[in-house]
file data-v2.txt (compact mmCIF, C-alpha atoms and all ligand atoms)
# COMPACT_ATOMS: atom_id res chain seq x y z
CA MET A 1 115.69 101.65 116.99
CA ARG A 2 114.49 105.12 116.22
CA TYR A 3 111.08 106.25 115.03
CA CYS A 4 110.39 107.57 111.57
CA ILE A 5 107.97 110.33 110.77
CA VAL A 6 107.07 111.09 107.17
CA GLY A 7 106.02 114.68 106.57
CA ALA A 8 107.06 117.83 108.44
CA GLY A 9 103.67 119.51 108.71
CA PHE A 10 101.82 120.00 111.97
CA SER A 11 101.01 116.29 112.48
CA GLY A 12 104.56 115.11 111.91
CA ALA A 13 106.21 117.91 113.87
CA ILE A 14 103.96 117.43 116.90
CA MET A 15 104.54 113.69 116.97
CA ALA A 16 108.31 114.22 116.55
CA ARG A 17 108.41 116.69 119.44
CA ALA A 18 106.39 114.44 121.75
CA LEU A 19 108.62 111.44 121.05
CA ALA A 20 111.80 113.50 121.43
CA GLU A 21 110.64 115.01 124.73
CA ALA A 22 110.03 111.48 126.00
CA GLY A 23 113.66 110.64 125.18
CA HIS A 24 113.18 108.82 121.87
CA LYS A 25 115.17 109.29 118.69
CA VAL A 26 113.29 110.39 115.58
CA LEU A 27 114.04 110.68 111.88
CA LEU A 28 111.69 113.23 110.34
CA LEU A 29 111.55 113.22 106.55
CA ASP A 30 109.99 115.59 104.11
CA GLU A 31 110.51 115.43 100.39
CA ARG A 32 109.91 119.15 100.03
CA PRO A 33 112.79 121.57 100.63
CA HIS A 34 110.97 123.21 103.57
CA VAL A 35 108.99 122.29 106.68
CA ALA A 36 105.35 123.20 107.42
CA GLY A 37 103.75 121.48 104.41
CA ASN A 38 101.03 123.58 102.85
CA CYS A 39 101.17 126.07 105.76
CA HIS A 40 104.66 127.09 104.63
CA THR A 41 105.30 130.83 104.85
CA SER A 42 108.31 132.88 103.82
CA ARG A 43 109.07 136.52 103.17
CA ASP A 44 108.93 137.70 99.58
CA GLY A 45 112.43 138.76 98.52
CA GLU A 46 111.26 141.79 96.56
CA THR A 47 108.68 143.36 98.90
CA GLY A 48 109.45 141.83 102.31
CA VAL A 49 105.82 140.72 102.72
CA MET A 50 105.22 137.44 104.58
CA VAL A 51 103.67 135.16 101.97
CA HIS A 52 101.56 132.05 102.56
CA ARG A 53 103.21 130.07 99.75
CA PHE A 54 100.41 127.50 99.44
CA GLY A 55 97.50 129.84 100.06
CA PRO A 56 96.30 131.59 103.19
CA HIS A 57 96.06 129.77 106.48
CA ILE A 58 94.20 131.46 109.31
CA PHE A 59 94.39 129.83 112.67
CA HIS A 60 91.12 129.50 114.58
CA THR A 61 90.02 127.00 117.17
CA ALA A 62 87.63 126.09 119.96
CA ASP A 63 90.16 123.67 121.45
CA GLU A 64 92.09 125.32 124.25
CA ARG A 65 94.79 122.67 124.10
CA ALA A 66 95.51 123.39 120.42
CA TRP A 67 95.55 127.14 121.12
CA THR A 68 97.91 126.74 124.08
CA TYR A 69 100.15 124.47 122.05
CA ILE A 70 100.59 126.81 119.09
CA ASN A 71 101.19 129.76 121.43
CA ARG A 72 104.01 127.81 123.06
CA PHE A 73 106.02 127.90 119.83
CA GLY A 74 105.42 131.40 118.52
CA VAL A 75 103.67 134.68 119.17
CA MET A 76 100.12 134.61 117.85
CA LYS A 77 98.93 138.10 116.88
CA PRO A 78 95.25 139.03 117.00
CA TYR A 79 93.62 138.51 113.62
CA VAL A 80 89.99 138.34 112.53
CA ASN A 81 89.20 136.94 109.11
CA ARG A 82 86.72 139.24 107.35
CA VAL A 83 86.04 138.15 103.80
CA LYS A 84 84.63 140.30 101.02
CA ALA A 85 82.94 138.90 97.94
CA GLN A 86 82.23 140.22 94.46
CA SER A 87 79.02 139.03 92.89
CA GLN A 88 77.19 140.37 89.85
CA GLY A 89 79.25 143.57 89.85
CA ARG A 90 78.88 144.46 93.52
CA ILE A 91 80.87 143.93 96.71
CA TYR A 92 79.40 142.20 99.76
CA SER A 93 80.50 140.91 103.12
CA LEU A 94 80.86 137.19 103.88
CA PRO A 95 79.86 134.99 105.62
CA ILE A 96 76.27 135.94 104.87
CA ASN A 97 75.26 138.35 107.62
CA LEU A 98 72.74 141.13 108.08
CA MET A 99 74.90 143.54 106.05
CA THR A 100 75.02 141.06 103.14
CA ILE A 101 71.26 140.46 103.28
CA ASN A 102 70.31 144.14 103.49
CA GLN A 103 72.74 145.18 100.75
CA PHE A 104 71.77 142.32 98.46
CA PHE A 105 68.02 142.82 98.74
CA GLY A 106 68.15 146.61 99.21
CA THR A 107 66.37 146.29 102.55
CA THR A 108 66.82 147.72 106.06
CA LEU A 109 65.76 144.62 107.98
CA ARG A 110 66.46 144.07 111.66
CA PRO A 111 67.51 140.58 112.88
CA ASP A 112 64.03 139.09 113.43
CA GLU A 113 62.69 140.59 110.24
CA ALA A 114 65.65 139.23 108.28
CA ARG A 115 65.13 135.78 109.76
CA GLN A 116 61.50 135.76 108.58
CA PHE A 117 62.44 137.23 105.22
CA ILE A 118 65.06 134.54 104.55
CA ALA A 119 62.80 131.77 105.91
CA ALA A 120 60.16 132.83 103.38
CA ARG A 121 62.72 132.44 100.57
CA ALA A 122 64.19 129.16 101.82
CA ASP A 123 62.85 125.99 100.24
CA GLN A 124 60.80 124.48 103.06
CA SER A 125 60.05 121.35 101.07
CA ILE A 126 63.66 120.14 101.56
CA THR A 127 63.52 118.59 105.01
CA ALA A 128 66.58 116.36 104.87
CA PRO A 129 69.09 118.06 102.52
CA GLN A 130 71.49 115.60 100.91
CA SER A 131 73.62 117.79 98.67
CA PHE A 132 75.39 121.13 99.00
CA GLU A 133 72.73 122.69 96.75
CA GLU A 134 69.79 121.31 98.72
CA GLN A 135 71.39 122.43 101.96
CA ALA A 136 71.88 125.96 100.60
CA LEU A 137 68.38 126.23 99.10
CA SER A 138 66.80 125.03 102.34
CA MET A 139 68.81 127.53 104.40
CA ILE A 140 68.99 130.73 102.34
CA GLY A 141 66.82 130.30 99.24
CA PRO A 142 67.72 130.57 95.56
CA GLU A 143 68.81 134.23 95.27
CA LEU A 144 71.64 134.21 97.81
CA TYR A 145 72.61 130.69 96.79
CA ARG A 146 72.99 131.70 93.13
CA ALA A 147 74.83 134.92 94.00
CA PHE A 148 77.40 133.55 96.45
CA PHE A 149 77.61 129.77 96.33
CA HIS A 150 76.65 128.22 93.01
CA GLY A 151 79.43 129.63 90.80
CA TYR A 152 82.13 129.72 93.46
CA THR A 153 81.49 126.13 94.49
CA LYS A 154 81.54 124.88 90.90
CA LYS A 155 84.89 126.61 90.39
CA GLN A 156 86.27 125.38 93.70
CA TRP A 157 85.20 121.76 93.40
CA GLY A 158 84.84 121.30 89.62
CA VAL A 159 81.47 119.56 89.93
CA SER A 160 77.88 120.67 90.31
CA PRO A 161 76.86 121.54 93.90
CA THR A 162 74.16 118.88 93.49
CA GLU A 163 76.95 116.28 93.65
CA LEU A 164 78.70 117.65 96.73
CA PRO A 165 77.91 116.75 100.33
CA ALA A 166 75.85 119.17 102.43
CA SER A 167 78.64 119.15 105.02
CA ILE A 168 80.84 121.48 102.92
CA LEU A 169 78.33 124.30 103.38
CA ASN A 170 78.06 123.63 107.09
CA ARG A 171 81.55 125.09 107.45
CA LEU A 172 80.02 128.54 106.96
CA PRO A 173 77.56 130.30 109.28
CA VAL A 174 74.61 132.49 108.26
CA ARG A 175 74.24 135.36 110.71
CA PHE A 176 71.29 137.61 111.41
CA ASN A 177 73.45 140.34 112.93
CA TYR A 178 76.36 142.44 111.66
CA ASP A 179 79.08 140.07 112.89
CA ASP A 180 81.28 139.56 109.82
CA ASN A 181 83.91 137.39 111.50
CA TYR A 182 84.32 134.48 109.06
CA PHE A 183 84.88 132.08 111.93
CA SER A 184 82.85 131.47 115.07
CA HIS A 185 85.66 130.02 117.19
CA PRO A 186 86.76 131.76 120.42
CA TRP A 187 90.47 131.81 119.52
CA GLN A 188 91.79 133.20 116.25
CA GLY A 189 95.17 134.59 115.29
CA MET A 190 98.14 134.68 112.97
CA PRO A 191 101.71 133.74 113.85
CA GLN A 192 103.86 136.86 114.06
CA ASP A 193 106.76 135.17 112.27
CA GLY A 194 104.74 132.83 110.06
CA TYR A 195 103.84 129.14 110.32
CA THR A 196 107.22 127.89 109.15
CA ALA A 197 108.86 129.49 112.21
CA ILE A 198 106.29 127.77 114.45
CA ILE A 199 107.09 124.35 112.99
CA GLU A 200 110.84 125.06 113.19
CA ASN A 201 110.41 125.90 116.88
CA ILE A 202 108.42 122.71 117.51
CA LEU A 203 111.30 120.78 115.96
CA LYS A 204 113.97 122.39 118.17
CA ALA A 205 114.33 119.38 120.44
CA GLU A 206 117.19 117.02 121.02
CA GLY A 207 116.79 113.69 119.30
CA ILE A 208 115.09 114.86 116.09
CA GLU A 209 117.00 114.49 112.84
CA LEU A 210 115.26 116.48 110.12
CA ARG A 211 115.97 115.47 106.55
CA LEU A 212 114.46 117.67 103.87
CA GLY A 213 114.34 116.82 100.17
CA GLN A 214 114.14 113.09 100.80
CA SER A 215 111.14 110.91 100.13
CA PHE A 216 110.21 107.97 102.36
CA GLU A 217 110.45 105.54 99.48
CA THR A 218 114.22 106.12 99.23
CA VAL A 219 115.02 105.40 102.90
CA ASP A 220 116.53 102.06 103.73
CA GLU A 221 116.42 101.74 107.51
CA ARG A 222 114.37 99.75 110.01
CA PHE A 223 112.32 101.76 112.48
CA ALA A 224 110.56 101.13 115.78
CA HIS A 225 107.45 102.56 114.15
CA VAL A 226 106.56 104.80 111.20
CA PHE A 227 104.16 107.74 111.47
CA TYR A 228 103.13 108.47 107.92
CA THR A 229 101.46 111.79 107.07
CA GLY A 230 101.77 111.53 103.28
CA PRO A 231 98.88 110.51 101.00
CA ILE A 232 97.49 107.15 102.14
CA ASP A 233 97.08 105.88 98.55
CA ARG A 234 100.71 106.72 97.77
CA TYR A 235 101.90 104.57 100.69
CA PHE A 236 100.31 101.60 98.94
CA SER A 237 101.77 102.65 95.55
CA TYR A 238 98.25 103.59 94.38
CA SER A 239 97.63 99.87 93.95
CA LEU A 240 93.86 100.23 94.39
CA GLY A 241 93.67 103.48 92.38
CA ARG A 242 94.15 107.17 93.13
CA LEU A 243 92.15 109.21 95.60
CA GLY A 244 91.04 112.50 94.03
CA TYR A 245 92.26 115.91 95.17
CA ARG A 246 91.69 119.48 94.12
CA THR A 247 94.88 121.43 93.65
CA LEU A 248 95.37 125.19 93.47
CA ASP A 249 97.34 127.32 91.02
CA PHE A 250 98.44 130.72 92.24
CA GLU A 251 99.06 133.55 89.83
CA ALA A 252 101.22 135.84 91.93
CA PHE A 253 101.60 139.52 91.17
CA VAL A 254 103.21 142.49 92.85
CA ALA A 255 101.58 145.93 92.88
CA ASP A 256 102.27 149.30 94.44
CA GLY A 257 100.56 150.32 97.67
CA ASP A 258 97.36 148.52 98.54
CA TYR A 259 95.80 146.43 95.76
CA GLN A 260 92.39 145.52 97.12
CA GLY A 261 92.29 146.95 100.65
CA THR A 262 91.61 143.62 102.31
CA ALA A 263 93.14 140.16 102.69
CA VAL A 264 90.54 138.04 100.87
CA MET A 265 88.22 138.95 98.00
CA ASN A 266 86.09 136.06 96.72
CA TYR A 267 84.86 136.12 93.13
CA CYS A 268 81.57 134.30 93.20
CA ASP A 269 80.56 134.63 89.52
CA GLU A 270 81.24 131.63 87.33
CA THR A 271 82.37 133.95 84.51
CA VAL A 272 85.50 134.91 86.49
CA PRO A 273 87.96 132.00 86.20
CA TYR A 274 89.62 132.37 89.62
CA THR A 275 87.92 131.82 92.97
CA ARG A 276 89.58 134.60 94.93
CA ILE A 277 92.41 137.09 95.22
CA THR A 278 94.38 137.10 98.44
CA GLU A 279 96.63 140.02 99.43
CA HIS A 280 99.21 138.75 101.82
CA LYS A 281 100.29 141.82 103.73
CA HIS A 282 96.75 142.14 105.07
CA PHE A 283 97.17 138.78 106.81
CA ALA A 284 99.71 140.57 109.01
CA PRO A 285 97.91 143.83 109.91
CA TRP A 286 100.45 144.65 112.63
CA GLU A 287 103.16 145.16 109.98
CA GLN A 288 101.24 145.94 106.78
CA ASP A 289 102.00 149.68 106.83
CA ARG A 290 105.73 148.94 106.62
CA PHE A 291 105.44 147.80 103.02
CA THR A 292 105.13 150.18 100.08
CA ARG A 293 104.44 147.30 97.69
CA THR A 294 102.08 144.38 97.94
CA VAL A 295 101.95 140.70 96.93
CA CYS A 296 98.70 139.17 95.70
CA PHE A 297 97.67 135.69 94.56
CA ARG A 298 94.93 134.97 92.06
CA GLU A 299 93.73 131.52 93.05
CA TYR A 300 92.54 128.90 90.58
CA SER A 301 91.24 125.47 91.56
CA ARG A 302 91.43 122.33 89.45
CA GLN A 303 91.61 118.55 89.61
CA ALA A 304 95.06 117.51 90.86
CA GLY A 305 97.22 115.53 88.45
CA ALA A 306 99.82 112.98 89.58
CA ASP A 307 102.54 115.61 90.11
CA ASP A 308 100.42 118.37 91.62
CA VAL A 309 100.33 119.43 95.26
CA PRO A 310 97.21 117.90 96.84
CA TYR A 311 95.00 120.38 98.71
CA TYR A 312 91.36 119.40 99.11
CA PRO A 313 90.29 115.75 99.35
CA ILE A 314 87.28 115.48 97.05
CA ARG A 315 85.51 112.71 98.98
CA GLN A 316 82.72 112.05 96.54
CA VAL A 317 80.98 108.69 96.63
CA GLY A 318 83.63 106.96 94.47
CA GLU A 319 86.52 108.24 96.59
CA LYS A 320 84.82 107.27 99.83
CA ALA A 321 84.49 103.66 98.70
CA LEU A 322 88.16 103.63 97.66
CA LEU A 323 89.18 105.26 100.92
CA THR A 324 87.43 102.51 102.89
CA ARG A 325 89.53 99.92 101.07
CA TYR A 326 92.75 101.85 101.74
CA ILE A 327 91.84 102.23 105.41
CA GLU A 328 91.39 98.46 105.62
CA ARG A 329 94.87 98.03 104.11
CA ALA A 330 96.27 100.58 106.55
CA ARG A 331 94.75 98.78 109.54
CA ALA A 332 96.29 95.54 108.32
CA THR A 333 99.76 97.14 108.08
CA PRO A 334 101.68 96.68 111.32
CA GLY A 335 104.31 99.20 112.36
CA VAL A 336 102.76 102.17 110.54
CA SER A 337 100.28 104.80 111.71
CA PHE A 338 98.55 107.12 109.25
CA MET A 339 97.97 110.67 110.38
CA GLY A 340 96.85 114.10 109.23
CA ARG A 341 95.02 115.46 106.21
CA LEU A 342 96.78 113.33 103.58
CA GLY A 343 97.29 110.24 105.73
CA THR A 344 93.57 110.04 106.54
CA TYR A 345 92.22 111.78 103.42
CA ARG A 346 90.10 114.29 105.31
CA TYR A 347 89.88 118.04 104.89
CA LEU A 348 91.29 119.07 108.25
CA ASP A 349 91.72 122.60 109.49
CA MET A 350 95.04 123.27 111.22
CA ASP A 351 93.55 123.23 114.71
CA VAL A 352 91.93 119.83 114.23
CA THR A 353 95.22 118.51 112.86
CA ILE A 354 96.99 119.78 115.98
CA SER A 355 94.34 118.36 118.36
CA GLU A 356 94.45 114.97 116.68
CA ALA A 357 98.26 114.85 116.63
CA LEU A 358 98.39 115.73 120.34
CA ALA A 359 95.85 113.02 121.16
CA ALA A 360 97.76 110.51 119.01
CA SER A 361 101.07 111.35 120.69
CA ASP A 362 99.44 110.89 124.14
CA ARG A 363 98.33 107.41 123.11
CA VAL A 364 101.69 106.51 121.59
CA LEU A 365 103.65 107.61 124.64
CA ASP A 366 101.30 105.70 126.93
CA ILE A 367 101.86 102.54 124.92
CA ALA A 368 105.63 103.14 124.74
CA ARG A 369 105.79 103.68 128.53
CA GLN A 370 104.06 100.37 129.08
CA GLY A 371 106.46 98.67 126.67
CA GLY A 372 103.68 97.77 124.23
CA VAL A 373 103.57 97.70 120.44
CA ILE A 374 102.13 100.84 118.83
N1 LIG B 1 81.84 128.92 99.29
C1 LIG B 1 81.16 129.57 98.27
N2 LIG B 1 81.34 130.91 98.10
C2 LIG B 1 82.18 131.63 98.87
C3 LIG B 1 82.87 130.98 99.91
C4 LIG B 1 82.69 129.63 100.09
O1 LIG B 1 80.42 128.94 97.54
O2 LIG B 1 82.31 132.85 98.62
C5 LIG B 1 81.63 127.47 99.45
C6 LIG B 1 82.70 126.63 98.75
O3 LIG B 1 82.08 125.48 98.23
C7 LIG B 1 83.64 126.27 99.87
C8 LIG B 1 82.67 126.12 101.04
O4 LIG B 1 81.67 127.13 100.82
O5 LIG B 1 84.37 125.08 99.63
C9 LIG B 1 83.29 126.28 102.40
O6 LIG B 1 83.89 127.56 102.49
P1 LIG B 1 85.30 127.76 103.19
O7 LIG B 1 85.58 129.20 103.27
O8 LIG B 1 85.32 126.95 104.43
O9 LIG B 1 86.24 127.17 102.07
P2 LIG B 1 87.65 126.48 102.14
O10 LIG B 1 88.26 126.78 103.48
O11 LIG B 1 87.26 125.06 101.94
O12 LIG B 1 88.38 127.08 101.00
call {"tool": "encode", "arguments": {"input": "data-v2.txt", "output": "structure tokens"}}
result
Amino acid sequence: MRYCIVGAGFSGAIMARALAEAGHKVLLLDERPHVAGNCHTSRDGETGVMVHRFGPHIFHTADERAWTYINRFGVMKPYVNRVKAQSQGRIYSLPINLMTINQFFGTTLRPDEARQFIAARADQSITAPQSFEEQALSMIGPELYRAFFHGYTKKQWGVSPTELPASILNRLPVRFNYDDNYFSHPWQGMPQDGYTAIIENILKAEGIELRLGQSFETVDERFAHVFYTGPIDRYFSYSLGRLGYRTLDFEAFVADGDYQGTAVMNYCDETVPYTRITEHKHFAPWEQDRFTRTVCFREYSRQAGADDVPYYPIRQVGEKALLTRYIERARATPGVSFMGRLGTYRYLDMDVTISEALAASDRVLDIARQGGVI
């Protein structure tokens, strides 16, 4: 019997490749008409620009295995994510660094001075921050929090930052030097030919049948095991209720030349309805000068409805309790493993998805070699 993998994103593709290389037969399904899930990239027909169809994905990692793996299937070009932000009519650099602090407060502080200056503004009475807001106030104080985080976070997540976990803010550093690299990981890059080409290359292995445009629910075949990377609640027909997601709407527009001079411009004020504008040719700096026109996305975030593409797991208290019940159901379901962002309902960066899929495929192949049940 062959294996079935549901979903042709990184998790599914990596598992399919590992099984195929070990001599197994695999049916890989994806109901969308393309591989690569939300990392899907394709060239815009009008301008030729490589477009991240479901929003920008920048690869960064501290895991050498994930970095080596992605480099095996495509050329990764050097790329450093440097984000700009508009707040209260001015442009700043993100993540918050010495340039941001000095421009915002009109100061000329050096690193140690800035550290003291921000410490004096931070709310020292919050010793164990519980929410996003408490975490921000205890780290950077009210002025920077209001300017860069309060409005943006409300737009992004649709709830007050007092109701969000502190962990969301921990994704971003605060730097007391002029390093404006958005990420702190040692490896960072962009695939020369886009993410879709990387996934297609991973899937070039004998023994993998790829079927696009077909959902798992419509397949009538028995499998040795199913690796399911779709939404965990959907697998159980939402019988316990729906897990909440944020979805994104992109308002695409084409302009002449260079629209905003950079790849990502965040709009931190609550009065602006979108969270950011991304300009896709700047995600490929090695080829950006080739294009006389440019493709931009205005990005809006909202609660996902039943037919919307799920992006960000919300993971508030209610969802976490529901997730626990679905995980119990999943553990009690023999013959199926749940993987990836949707299968485990966690907000995973691409590198973590790759690392976890590689670790999972190691375990699966070990078990298969010993003739055991996965
Ligand atoms: N954030 C913000 N203002 C910004 C950028 C980020 O308030 O200009 C907040 C927002 O809540 C976001 C979180 O910081 O979800 C983490 O930022 P990151 O860039 O990692 O966002 P993501 O990758 O989740 O879009």
call {"tool": "residues_near_point", "arguments": {"input": "data-v2.txt", "point": "(105.4, 98.5, 110.0)", "cutoff": "7 Å", "atoms": "only C-alpha atoms", "output": "PDB file with C-alpha atoms, keeping the file's coordinate frame"}}
result
ATOM      1  CA  HIS A 225     107.450 102.560 114.150  1.00  0.00           C
ATOM      2  CA  VAL A 226     106.560 104.800 111.200  1.00  0.00           C
ATOM      3  CA  THR A 333      99.760  97.140 108.080  1.00  0.00           C
ATOM      4  CA  PRO A 334     101.680  96.680 111.320  1.00  0.00           C
ATOM      5  CA  GLY A 335     104.310  99.200 112.360  1.00  0.00           C
ATOM      6  CA  VAL A 336     102.760 102.170 110.540  1.00  0.00           C
TER       7      VAL A 336
END
call {"tool": "residues_near_ligand", "arguments": {"input": "data-v2.txt", "ligand": "ligand LIG 1 (chain B)", "cutoff": "7 Å", "atoms": "all atoms listed in the file", "output": "list in words"}}
result
Ala85, Leu94, Phe148, Phe149, His150, Gly151, Tyr152, Thr153, Gln156, Trp157, Ile168, Leu169, Arg171, Leu172, Asn266, Tyr267 and Cys268 of chain A
call {"tool": "atom_distance", "arguments": {"input": "data-v2.txt", "atom1": "atom CA of Ser93 of chain A", "atom2": "atom CA of Asp180 of chain A"}}
result
6.9 Å
call {"tool": "atom_distance", "arguments": {"input": "data-v2.txt", "atom1": "atom CA of Asn38 of chain A", "atom2": "atom CA of Phe59 of chain A"}}
result
13.4 Å
call {"tool": "residues_around", "arguments": {"input": "data-v2.txt", "residues": "Leu19 of chain A", "least_positions_apart": "4", "cutoff": "12 Å", "atoms": "all atoms listed in the file", "output": "PyMOL selection string"}}
result
chain A and resi 2-5+12-15+23-28+202-203+205-208+224-225+227+357-358+360-369
call {"tool": "closest_residue", "arguments": {"input": "data-v2.txt", "among": "A:Thr196, A:Ser131, A:Ser87, A:Thr218", "to": "Phe54 of chain A", "atoms": "all atoms listed in the file"}}
result
A:Thr196
call {"tool": "closest_residue", "arguments": {"input": "data-v2.txt", "among": "A:Met190, A:Leu342, A:Ala166, A:Ala20", "to": "Asn81 of chain A", "atoms": "all atoms listed in the file"}}
result
A:Met190
call {"tool": "closest_residue", "arguments": {"input": "data-v2.txt", "among": "A:Thr247, A:Thr107, A:Thr324, A:Thr353", "to": "Lys155 of chain A", "atoms": "only C-alpha atoms"}}
result
A:Thr247
call {"tool": "closest_residue", "arguments": {"input": "data-v2.txt", "among": "A:Ala197, A:Leu243, A:Ala16, A:Met1", "to": "Val317 of chain A", "atoms": "only C-alpha atoms"}}
result
A:Leu243
call {"tool": "residues_around", "arguments": {"input": "data-v2.txt", "residues": "Glu113 of chain A", "least_positions_apart": "4", "cutoff": "12 Å", "atoms": "only C-alpha atoms", "output": "VMD selection string"}}
result
chain A and resid 98 101 to 102 107 to 109 117 to 120 176 to 177
call {"tool": "atom_distance", "arguments": {"input": "data-v2.txt", "atom1": "atom CA of Arg331 of chain A", "atom2": "atom CA of Val6 of chain A"}}
result
17.6 Å
call {"tool": "residues_around", "arguments": {"input": "data-v2.txt", "residues": "Trp187 of chain A", "least_positions_apart": "4", "cutoff": "10 Å", "atoms": "only C-alpha atoms", "output": "list of chain:residue names"}}
result
A:Phe59, A:His60, A:Thr61, A:Ala62, A:Asp63, A:Glu64, A:Ala66, A:Trp67, A:Pro78, A:Tyr79, A:Val80, A:Phe183
call {"tool": "closest_residue", "arguments": {"input": "data-v2.txt", "among": "A:Ser42, A:Ser355, A:Thr278, A:Ser237", "to": "Ala252 of chain A", "atoms": "only C-alpha atoms"}}
result
A:Thr278
call {"tool": "residues_around", "arguments": {"input": "data-v2.txt", "residues": "Ala36 of chain A", "least_positions_apart": "3", "cutoff": "9 Å", "atoms": "all atoms listed in the file", "output": "PyMOL selection string"}}
result
chain A and resi 7-10+13+39-41+195-200
call {"tool": "closest_residue", "arguments": {"input": "data-v2.txt", "among": "A:Ser11, A:Asn201, A:Thr127, A:Thr229", "to": "Val75 of chain A", "atoms": "all atoms listed in the file"}}
result
A:Asn201
